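Pasted below: query07.cif, mmCIF, C-alpha atoms, pLDDT in the B column; chains and numbers go by the auth columns.
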data_input
#
loop_
_atom_site.group_PDB
_atom_site.id
_atom_site.type_symbol
_atom_site.label_atom_id
_atom_site.label_comp_id
_atom_site.label_asym_id
_atom_site.label_seq_id
_atom_site.Cartn_x
_atom_site.Cartn_y
_atom_site.Cartn_z
_atom_site.B_iso_or_equiv
_atom_site.auth_seq_id
_atom_site.auth_asym_id
ATOM 1 C CA MET A 1 15.790 -8.968 2.472 70.00 1 A
ATOM 2 C CA GLU A 2 13.337 -11.680 1.395 88.00 2 A
ATOM 3 C CA GLN A 3 10.270 -9.618 2.273 93.00 3 A
ATOM 4 C CA GLU A 4 11.732 -6.516 0.664 94.00 4 A
ATOM 5 C CA LEU A 5 12.548 -8.482 -2.495 93.00 5 A
ATOM 6 C CA ALA A 6 9.032 -9.950 -2.586 95.00 6 A
ATOM 7 C CA ILE A 7 7.488 -6.474 -2.374 97.00 7 A
ATOM 8 C CA VAL A 8 9.759 -5.080 -5.089 97.00 8 A
ATOM 9 C CA ARG A 9 9.039 -8.062 -7.372 95.00 9 A
ATOM 10 C CA ALA A 10 5.309 -7.706 -6.761 97.00 10 A
ATOM 11 C CA LEU A 11 5.436 -3.990 -7.631 97.00 11 A
ATOM 12 C CA HIS A 12 7.479 -4.828 -10.734 97.00 12 A
ATOM 13 C CA VAL A 13 5.007 -7.449 -11.932 96.00 13 A
ATOM 14 C CA LEU A 14 2.004 -5.243 -11.107 97.00 14 A
ATOM 15 C CA GLY A 15 3.528 -2.417 -13.137 98.00 15 A
ATOM 16 C CA VAL A 16 4.155 -4.739 -16.096 97.00 16 A
ATOM 17 C CA VAL A 17 0.631 -6.172 -15.928 97.00 17 A
ATOM 18 C CA ILE A 18 -1.022 -2.747 -15.952 97.00 18 A
ATOM 19 C CA TRP A 19 1.320 -1.316 -18.620 97.00 19 A
ATOM 20 C CA ILE A 20 1.311 -4.238 -21.069 97.00 20 A
ATOM 21 C CA GLY A 21 -2.353 -4.916 -20.307 97.00 21 A
ATOM 22 C CA GLY A 22 -3.063 -1.354 -21.406 97.00 22 A
ATOM 23 C CA VAL A 23 -1.060 -1.854 -24.594 97.00 23 A
ATOM 24 C CA THR A 24 -3.051 -5.033 -25.228 97.00 24 A
ATOM 25 C CA PHE A 25 -6.375 -3.236 -24.693 97.00 25 A
ATOM 26 C CA VAL A 26 -5.441 -0.304 -26.906 96.00 26 A
ATOM 27 C CA THR A 27 -4.168 -2.589 -29.680 97.00 27 A
ATOM 28 C CA THR A 28 -6.870 -5.253 -29.681 98.00 28 A
ATOM 29 C CA VAL A 29 -9.956 -3.297 -28.579 97.00 29 A
ATOM 30 C CA LEU A 30 -9.596 0.484 -28.795 97.00 30 A
ATOM 31 C CA LEU A 31 -7.912 0.865 -32.188 97.00 31 A
ATOM 32 C CA PRO A 32 -10.187 -1.652 -33.996 97.00 32 A
ATOM 33 C CA GLY A 33 -13.197 -0.026 -32.334 97.00 33 A
ATOM 34 C CA LEU A 34 -12.174 3.413 -33.514 96.00 34 A
ATOM 35 C CA ALA A 35 -11.538 2.063 -37.013 96.00 35 A
ATOM 36 C CA SER A 36 -15.051 0.659 -37.209 96.00 36 A
ATOM 37 C CA ASP A 37 -16.928 3.461 -35.425 94.00 37 A
ATOM 38 C CA TYR A 38 -15.257 6.644 -36.689 94.00 38 A
ATOM 39 C CA ALA A 39 -14.650 8.171 -40.076 92.00 39 A
ATOM 40 C CA PRO A 40 -10.950 8.137 -41.038 88.00 40 A
ATOM 41 C CA ALA A 41 -10.582 11.872 -40.478 84.00 41 A
ATOM 42 C CA ARG A 42 -11.842 11.589 -36.848 92.00 42 A
ATOM 43 C CA ARG A 43 -10.010 8.430 -35.723 93.00 43 A
ATOM 44 C CA LEU A 44 -6.796 10.136 -34.633 91.00 44 A
ATOM 45 C CA GLN A 45 -8.673 12.804 -32.711 91.00 45 A
ATOM 46 C CA ALA A 46 -10.745 10.160 -30.910 93.00 46 A
ATOM 47 C CA PHE A 47 -7.649 8.080 -30.234 94.00 47 A
ATOM 48 C CA HIS A 48 -5.805 10.987 -28.616 90.00 48 A
ATOM 49 C CA ARG A 49 -8.811 11.907 -26.497 91.00 49 A
ATOM 50 C CA LEU A 50 -9.208 8.362 -25.161 92.00 50 A
ATOM 51 C CA GLU A 51 -5.532 7.434 -24.984 90.00 51 A
ATOM 52 C CA ALA A 52 -4.723 10.559 -22.962 88.00 52 A
ATOM 53 C CA ARG A 53 -6.604 9.011 -20.043 89.00 53 A
ATOM 54 C CA PHE A 54 -4.161 6.093 -19.948 93.00 54 A
ATOM 55 C CA THR A 55 -0.934 7.905 -20.799 94.00 55 A
ATOM 56 C CA TRP A 56 -0.161 8.943 -17.225 95.00 56 A
ATOM 57 C CA VAL A 57 -0.960 5.464 -15.929 97.00 57 A
ATOM 58 C CA ALA A 58 1.394 3.968 -18.516 97.00 58 A
ATOM 59 C CA ARG A 59 4.120 6.480 -17.671 98.00 59 A
ATOM 60 C CA ALA A 60 3.795 5.750 -13.952 98.00 60 A
ATOM 61 C CA CYS A 61 3.927 2.007 -14.576 98.00 61 A
ATOM 62 C CA VAL A 62 6.965 2.273 -16.853 98.00 62 A
ATOM 63 C CA ALA A 63 8.698 4.374 -14.180 98.00 63 A
ATOM 64 C CA VAL A 64 7.859 1.839 -11.451 98.00 64 A
ATOM 65 C CA VAL A 65 9.032 -1.052 -13.646 98.00 65 A
ATOM 66 C CA GLY A 66 12.294 0.772 -14.376 98.00 66 A
ATOM 67 C CA VAL A 67 13.017 1.593 -10.742 98.00 67 A
ATOM 68 C CA THR A 68 12.105 -1.864 -9.436 98.00 68 A
ATOM 69 C CA GLY A 69 13.953 -3.603 -12.272 96.00 69 A
ATOM 70 C CA PHE A 70 17.102 -1.605 -11.590 96.00 70 A
ATOM 71 C CA TRP A 71 16.735 -2.266 -7.867 97.00 71 A
ATOM 72 C CA MET A 72 16.528 -6.038 -8.467 95.00 72 A
ATOM 73 C CA LEU A 73 19.513 -5.988 -10.836 94.00 73 A
ATOM 74 C CA ARG A 74 21.585 -4.127 -8.258 95.00 74 A
ATOM 75 C CA ARG A 75 20.378 -5.945 -5.155 94.00 75 A
ATOM 76 C CA LEU A 76 20.640 -9.435 -6.666 93.00 76 A
ATOM 77 C CA GLU A 77 23.900 -8.576 -8.459 93.00 77 A
ATOM 78 C CA LEU A 78 22.579 -9.713 -11.827 90.00 78 A
ATOM 79 C CA TRP A 79 24.703 -7.425 -14.007 93.00 79 A
ATOM 80 C CA SER A 80 26.803 -10.344 -15.240 92.00 80 A
ATOM 81 C CA ARG A 81 23.687 -11.870 -16.831 89.00 81 A
ATOM 82 C CA PHE A 82 23.873 -9.184 -19.519 91.00 82 A
ATOM 83 C CA SER A 83 26.989 -10.885 -20.894 93.00 83 A
ATOM 84 C CA ASP A 84 25.221 -14.271 -21.058 89.00 84 A
ATOM 85 C CA PRO A 85 23.560 -14.800 -24.468 86.00 85 A
ATOM 86 C CA THR A 86 21.238 -17.429 -22.973 86.00 86 A
ATOM 87 C CA ALA A 87 19.720 -14.676 -20.807 88.00 87 A
ATOM 88 C CA TRP A 88 18.053 -13.155 -23.881 91.00 88 A
ATOM 89 C CA GLN A 89 14.891 -12.436 -21.903 91.00 89 A
ATOM 90 C CA LEU A 90 16.780 -9.944 -19.728 92.00 90 A
ATOM 91 C CA HIS A 91 17.928 -8.087 -22.839 93.00 91 A
ATOM 92 C CA ALA A 92 14.374 -8.240 -24.225 94.00 92 A
ATOM 93 C CA MET A 93 12.841 -6.863 -21.028 95.00 93 A
ATOM 94 C CA VAL A 94 15.297 -3.980 -20.813 96.00 94 A
ATOM 95 C CA GLY A 95 14.942 -3.265 -24.542 96.00 95 A
ATOM 96 C CA ILE A 96 11.136 -3.154 -24.409 97.00 96 A
ATOM 97 C CA TRP A 97 11.247 -1.030 -21.274 97.00 97 A
ATOM 98 C CA ALA A 98 13.715 1.420 -22.863 98.00 98 A
ATOM 99 C CA LEU A 99 11.679 1.628 -26.068 97.00 99 A
ATOM 100 C CA PHE A 100 8.458 2.402 -24.195 97.00 100 A
ATOM 101 C CA ALA A 101 10.253 4.878 -21.921 98.00 101 A
ATOM 102 C CA VAL A 102 11.484 6.806 -24.963 98.00 102 A
ATOM 103 C CA ILE A 103 8.062 6.657 -26.632 96.00 103 A
ATOM 104 C CA LEU A 104 6.082 7.706 -23.542 96.00 104 A
ATOM 105 C CA PHE A 105 8.437 10.305 -22.090 97.00 105 A
ATOM 106 C CA VAL A 106 10.120 11.764 -25.186 96.00 106 A
ATOM 107 C CA ALA A 107 8.629 10.881 -28.573 95.00 107 A
ATOM 108 C CA GLU A 108 4.928 11.183 -27.760 92.00 108 A
ATOM 109 C CA PRO A 109 4.958 14.535 -25.969 92.00 109 A
ATOM 110 C CA LEU A 110 7.643 16.174 -28.089 92.00 110 A
ATOM 111 C CA VAL A 111 7.076 14.784 -31.582 91.00 111 A
ATOM 112 C CA LEU A 112 4.344 12.240 -32.219 87.00 112 A
ATOM 113 C CA HIS A 113 1.297 14.161 -30.976 82.00 113 A
ATOM 114 C CA ARG A 114 2.180 17.219 -33.042 85.00 114 A
ATOM 115 C CA ARG A 115 2.908 15.203 -36.178 86.00 115 A
ATOM 116 C CA MET A 116 -0.359 13.295 -35.871 85.00 116 A
ATOM 117 C CA ALA A 117 -2.357 16.445 -35.174 83.00 117 A
ATOM 118 C CA HIS A 118 -1.044 17.983 -38.414 87.00 118 A
ATOM 119 C CA SER A 119 -1.251 14.842 -40.523 87.00 119 A
ATOM 120 C CA ARG A 120 -2.208 15.428 -44.157 90.00 120 A
ATOM 121 C CA ASP A 121 -3.492 11.854 -44.445 93.00 121 A
ATOM 122 C CA PRO A 122 -5.138 10.890 -41.118 91.00 122 A
ATOM 123 C CA ALA A 123 -6.285 7.501 -42.438 92.00 123 A
ATOM 124 C CA ARG A 124 -2.709 6.531 -43.348 93.00 124 A
ATOM 125 C CA THR A 125 -1.391 7.877 -40.045 94.00 125 A
ATOM 126 C CA PHE A 126 -4.002 5.839 -38.149 95.00 126 A
ATOM 127 C CA ARG A 127 -3.004 2.691 -40.058 95.00 127 A
ATOM 128 C CA ARG A 128 0.644 3.319 -39.156 95.00 128 A
ATOM 129 C CA LEU A 129 -0.312 3.930 -35.526 95.00 129 A
ATOM 130 C CA THR A 130 -2.224 0.650 -35.491 97.00 130 A
ATOM 131 C CA LEU A 131 0.656 -1.264 -37.095 98.00 131 A
ATOM 132 C CA MET A 132 3.141 0.174 -34.588 97.00 132 A
ATOM 133 C CA HIS A 133 0.893 -0.877 -31.713 97.00 133 A
ATOM 134 C CA TRP A 134 0.726 -4.437 -33.079 98.00 134 A
ATOM 135 C CA ILE A 135 4.521 -4.553 -33.418 98.00 135 A
ATOM 136 C CA LEU A 136 5.034 -3.186 -29.897 97.00 136 A
ATOM 137 C CA LEU A 137 2.466 -5.617 -28.503 98.00 137 A
ATOM 138 C CA ALA A 138 4.078 -8.608 -30.211 98.00 138 A
ATOM 139 C CA ALA A 139 7.556 -7.630 -29.005 97.00 139 A
ATOM 140 C CA SER A 140 6.201 -7.069 -25.489 97.00 140 A
ATOM 141 C CA GLN A 141 4.547 -10.481 -25.447 97.00 141 A
ATOM 142 C CA VAL A 142 7.780 -12.191 -26.531 96.00 142 A
ATOM 143 C CA ALA A 143 9.696 -10.402 -23.759 95.00 143 A
ATOM 144 C CA LEU A 144 6.994 -11.213 -21.218 94.00 144 A
ATOM 145 C CA PHE A 145 6.930 -14.882 -22.231 94.00 145 A
ATOM 146 C CA GLY A 146 10.706 -15.043 -21.982 92.00 146 A
ATOM 147 C CA ALA A 147 10.734 -13.329 -18.591 91.00 147 A
ATOM 148 C CA VAL A 148 8.226 -15.716 -17.057 91.00 148 A
ATOM 149 C CA ALA A 149 9.787 -18.795 -18.664 89.00 149 A
ATOM 150 C CA GLY A 150 13.270 -17.664 -17.628 80.00 150 A
ATOM 151 C CA ALA A 151 12.142 -17.019 -14.067 78.00 151 A
ATOM 152 C CA HIS A 152 10.963 -20.612 -13.918 74.00 152 A
ATOM 153 C CA GLY A 153 14.123 -22.232 -15.196 71.00 153 A
ATOM 154 C CA MET A 154 13.475 -22.383 -18.917 66.00 154 A
#
Final C-alpha coordinates representation of the file:
Amino acid sequence: MEQELAIVRALHVLGVVIWIGGVTFVTTVLLPGLASDYAPARRLQAFHRLEARFTWVARACVAVVGVTGFWMLRRLELWSRFSDPTAWQLHAMVGIWALFAVILFVAEPLVLHRRMAHSRDPARTFRRLTLMHWILLAASQVALFGAVAGAHGM
(Lines of atoms letter the chains of each structure in order from A and count residues from 1; the text may use other names and numbers.)
(Lines give C-alpha, C1' and ligand atoms only; values in the text may rest on other atoms or scores of the structure.)
Protein backbone atom coordinates (compact mmCIF):
# COMPACT_ATOMS: atom_id res chain seq x y z
CA MET A 1 0.00 0.00 0.00
CA GLU A 2 2.83 2.44 0.76
CA GLN A 3 4.21 2.34 -2.78
CA GLU A 4 0.74 2.63 -4.28
CA LEU A 5 -0.04 5.60 -2.02
CA ALA A 6 3.25 7.27 -2.95
CA ILE A 7 2.47 6.93 -6.67
CA VAL A 8 -1.07 8.27 -6.25
CA ARG A 9 0.18 11.22 -4.16
CA ALA A 10 2.89 11.97 -6.72
CA LEU A 11 0.33 11.95 -9.55
CA HIS A 12 -1.94 14.18 -7.46
CA VAL A 13 0.80 16.72 -6.78
CA LEU A 14 2.03 16.62 -10.39
CA GLY A 15 -1.50 17.32 -11.61
CA VAL A 16 -1.87 20.25 -9.20
CA VAL A 17 1.52 21.69 -10.18
CA ILE A 18 0.74 21.61 -13.90
CA TRP A 19 -2.84 22.88 -13.47
CA ILE A 20 -2.20 25.70 -10.99
CA GLY A 21 1.11 26.50 -12.70
CA GLY A 22 -0.87 27.02 -15.89
CA VAL A 23 -3.34 29.28 -14.10
CA THR A 24 -0.38 31.24 -12.71
CA PHE A 25 1.18 31.61 -16.17
CA VAL A 26 -2.06 32.67 -17.82
CA THR A 27 -2.83 35.19 -15.06
CA THR A 28 0.60 36.73 -14.55
CA VAL A 29 2.14 36.46 -18.03
CA LEU A 30 -0.35 35.75 -20.82
CA LEU A 31 -3.17 38.13 -19.90
CA PRO A 32 -0.88 41.12 -19.15
CA GLY A 33 1.03 40.39 -22.35
CA LEU A 34 -2.14 40.37 -24.41
CA ALA A 35 -3.28 43.59 -22.73
CA SER A 36 -0.07 45.35 -23.71
CA ASP A 37 0.42 43.84 -27.18
CA TYR A 38 -3.10 43.72 -28.64
CA ALA A 39 -5.81 46.26 -29.28
CA PRO A 40 -8.82 45.77 -26.97
CA ALA A 41 -10.97 44.36 -29.77
CA ARG A 42 -8.40 41.59 -30.52
CA ARG A 43 -7.44 40.55 -26.98
CA LEU A 44 -10.24 38.03 -26.48
CA GLN A 45 -9.62 36.42 -29.85
CA ALA A 46 -5.89 36.10 -29.10
CA PHE A 47 -6.63 34.77 -25.62
CA HIS A 48 -8.92 32.03 -26.94
CA ARG A 49 -6.42 31.02 -29.60
CA LEU A 50 -3.57 30.69 -27.10
CA GLU A 51 -5.58 29.37 -24.16
CA ALA A 52 -7.09 26.59 -26.30
CA ARG A 53 -3.66 24.96 -26.37
CA PHE A 54 -3.70 24.57 -22.58
CA THR A 55 -7.37 23.78 -22.04
CA TRP A 56 -7.02 20.04 -22.63
CA VAL A 57 -3.94 19.88 -20.41
CA ALA A 58 -5.85 21.67 -17.65
CA ARG A 59 -8.86 19.38 -18.07
CA ALA A 60 -6.66 16.28 -17.91
CA CYS A 61 -4.89 17.57 -14.81
CA VAL A 62 -8.15 18.46 -13.06
CA ALA A 63 -9.46 14.96 -13.86
CA VAL A 64 -6.29 13.32 -12.51
CA VAL A 65 -6.40 15.47 -9.37
CA GLY A 66 -10.06 14.56 -8.82
CA VAL A 67 -9.52 10.83 -9.27
CA THR A 68 -6.37 10.69 -7.14
CA GLY A 69 -7.88 12.94 -4.46
CA PHE A 70 -10.97 10.76 -4.21
CA TRP A 71 -8.78 7.65 -4.14
CA MET A 72 -6.74 9.05 -1.21
CA LEU A 73 -9.88 10.09 0.68
CA ARG A 74 -11.33 6.60 0.28
CA ARG A 75 -8.15 4.61 0.81
CA LEU A 76 -6.99 6.60 3.85
CA GLU A 77 -10.54 6.85 5.23
CA LEU A 78 -10.36 10.62 5.56
CA TRP A 79 -14.08 11.35 5.14
CA SER A 80 -14.43 12.30 8.80
CA ARG A 81 -12.01 15.20 8.25
CA PHE A 82 -14.79 17.02 6.39
CA SER A 83 -16.61 17.47 9.70
CA ASP A 84 -13.50 18.96 11.35
CA PRO A 85 -13.44 22.77 10.99
CA THR A 86 -9.68 22.81 11.60
CA ALA A 87 -9.26 20.84 8.36
CA TRP A 88 -10.22 23.93 6.34
CA GLN A 89 -7.55 23.15 3.74
CA LEU A 90 -9.40 19.97 2.75
CA HIS A 91 -12.57 21.99 2.15
CA ALA A 92 -10.53 24.58 0.23
CA MET A 93 -8.89 21.96 -1.99
CA VAL A 94 -12.18 20.27 -2.83
CA GLY A 95 -13.89 23.64 -3.38
CA ILE A 96 -11.19 24.89 -5.76
CA TRP A 97 -11.17 21.57 -7.58
CA ALA A 98 -14.97 21.60 -7.96
CA LEU A 99 -14.98 25.21 -9.14
CA PHE A 100 -12.35 24.54 -11.81
CA ALA A 101 -14.08 21.31 -12.85
CA VAL A 102 -17.31 23.22 -13.46
CA ILE A 103 -15.49 26.02 -15.29
CA LEU A 104 -13.39 23.73 -17.51
CA PHE A 105 -15.93 21.01 -18.26
CA VAL A 106 -19.25 22.90 -18.22
CA ALA A 107 -19.10 26.70 -18.20
CA GLU A 108 -16.30 27.27 -20.71
CA PRO A 109 -17.47 24.94 -23.48
CA LEU A 110 -21.20 25.54 -23.04
CA VAL A 111 -21.46 29.20 -22.06
CA LEU A 112 -18.34 31.31 -21.62
CA HIS A 113 -16.75 30.91 -25.06
CA ARG A 114 -19.97 31.83 -26.84
CA ARG A 115 -20.65 34.82 -24.60
CA MET A 116 -17.12 36.13 -25.06
CA ALA A 117 -17.19 35.59 -28.81
CA HIS A 118 -20.35 37.73 -29.05
CA SER A 119 -19.30 40.36 -26.54
CA ARG A 120 -20.47 43.89 -27.35
CA ASP A 121 -17.65 45.36 -25.26
CA PRO A 122 -14.55 43.14 -25.68
CA ALA A 123 -12.36 45.46 -23.58
CA ARG A 124 -14.73 45.17 -20.61
CA THR A 125 -15.06 41.41 -21.10
CA PHE A 126 -11.25 41.07 -21.15
CA ARG A 127 -10.98 43.08 -17.93
CA ARG A 128 -13.55 40.79 -16.29
CA LEU A 129 -11.70 37.73 -17.58
CA THR A 130 -8.47 39.07 -16.11
CA LEU A 131 -10.10 39.86 -12.76
CA MET A 132 -11.64 36.38 -12.57
CA HIS A 133 -8.24 34.82 -13.26
CA TRP A 134 -6.68 36.85 -10.44
CA ILE A 135 -9.45 35.78 -8.05
CA LEU A 136 -9.12 32.12 -9.05
CA LEU A 137 -5.34 32.30 -8.74
CA ALA A 138 -5.50 33.87 -5.28
CA ALA A 139 -8.02 31.30 -4.05
CA SER A 140 -5.91 28.49 -5.53
CA GLN A 141 -2.79 29.77 -3.80
CA VAL A 142 -4.57 29.91 -0.43
CA ALA A 143 -5.79 26.32 -0.88
CA LEU A 144 -2.35 25.18 -2.01
CA PHE A 145 -0.65 26.88 0.94
CA GLY A 146 -3.14 25.30 3.32
CA ALA A 147 -2.71 21.86 1.76
CA VAL A 148 1.06 21.88 2.06
CA ALA A 149 1.03 23.40 5.55
CA GLY A 150 -1.66 20.94 6.68
CA ALA A 151 0.26 18.00 5.26
CA HIS A 152 3.20 19.03 7.42
CA GLY A 153 1.34 19.36 10.68
CA MET A 154 0.33 23.01 10.65
- Shell of 12 Å around A:Pro122, only C-alpha atoms, local chain residues under 2 positions omitted, as a count of residues only: 23
- Item | Among the residues A:Leu11, A:Val111, A:Val23, A:Leu78, the one that comes closest to A:Gln141 [using only C-alpha atoms] | A:Val23
- Query: Between A:Glu2, A:Arg74, A:Leu34, A:Gly153, which is the closest to A:Ala123 once you count all atoms listed in the file?
  - Reply: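 Nearest to A:Ala123: A:Leu34.
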Around all of stretch 64-71 of chain A's listed atoms, make the axis-aligned box with 4 Å on each side and tell me centre and edge lengths in Å to one decimal, as lines of an AutoDock Vina configuration file.
center_x = 12.5
center_y = -0.9
center_z = -11.1
size_x = 17.2
size_y = 13.4
size_z = 14.5
- Message: Restricting the calculation to only C-alpha atoms: of A:Ser140, A:Thr68, A:Thr86, A:Trp79, which residue gets closest to A:Leu99?
- Response: A:Ser140
- On this structure, which residues satisfy the PyMOL selection byres ((chain A and resi 90) around 12), written as a PyMOL selection string? chain A and resi 69-70+72-73+78-89+91-97+142-151
- Nearest to A:Thr28: which of A:Ala58, A:His133, A:Val106, A:Val13 is it, counting all atoms listed in the file? A:His133
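Separating atom CA of A:Leu31 from atom CA of A:Arg53 is a distance of 14.7 Å.
When all atoms listed in the file are used to measure the gap to A:Thr27, the shortest distance among A:Ala98, A:Leu112, A:Ile135, A:Ile103 belongs to A:Ile135.
The gap separating atom CA of A:Gly15 from atom CA of A:Leu50 is 20.6 Å, in Å to one decimal.
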- On this structure, which residues satisfy the PyMOL selection byres ((chain A and resi 56) around 12), written as number ranges by chain? A: 18-19, 22, 51-55, 57-63, 104-105, 108-109
Export of prior selection with C-alpha atoms as a short mmCIF file (atom, residue, chain, number, x, y, z; two decimals), in the frame of the given file:
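What follows is the written file part_20.cif:
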data_model
loop_
_atom_site.label_atom_id
_atom_site.label_comp_id
_atom_site.auth_asym_id
_atom_site.auth_seq_id
_atom_site.Cartn_x
_atom_site.Cartn_y
_atom_site.Cartn_z
CA ILE A 18 -1.02 -2.75 -15.95
CA TRP A 19 1.32 -1.32 -18.62
CA GLY A 22 -3.06 -1.35 -21.41
CA GLU A 51 -5.53 7.43 -24.98
CA ALA A 52 -4.72 10.56 -22.96
CA ARG A 53 -6.60 9.01 -20.04
CA PHE A 54 -4.16 6.09 -19.95
CA THR A 55 -0.93 7.90 -20.80
CA VAL A 57 -0.96 5.46 -15.93
CA ALA A 58 1.39 3.97 -18.52
CA ARG A 59 4.12 6.48 -17.67
CA ALA A 60 3.80 5.75 -13.95
CA CYS A 61 3.93 2.01 -14.58
CA VAL A 62 6.96 2.27 -16.85
CA ALA A 63 8.70 4.37 -14.18
CA LEU A 104 6.08 7.71 -23.54
CA PHE A 105 8.44 10.30 -22.09
CA GLU A 108 4.93 11.18 -27.76
CA PRO A 109 4.96 14.54 -25.97
#
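Between atom CA of A:Pro32 and atom CA of A:Trp134 the interatomic distance comes to 11.3 Å.
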- Which residue, A:Met132, A:Gly33, A:Arg75, A:Phe100, has the smallest gap to A:Val16 when you use only C-alpha atoms?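 Answer, going by the shortest atom-to-atom distance: A:Phe100.
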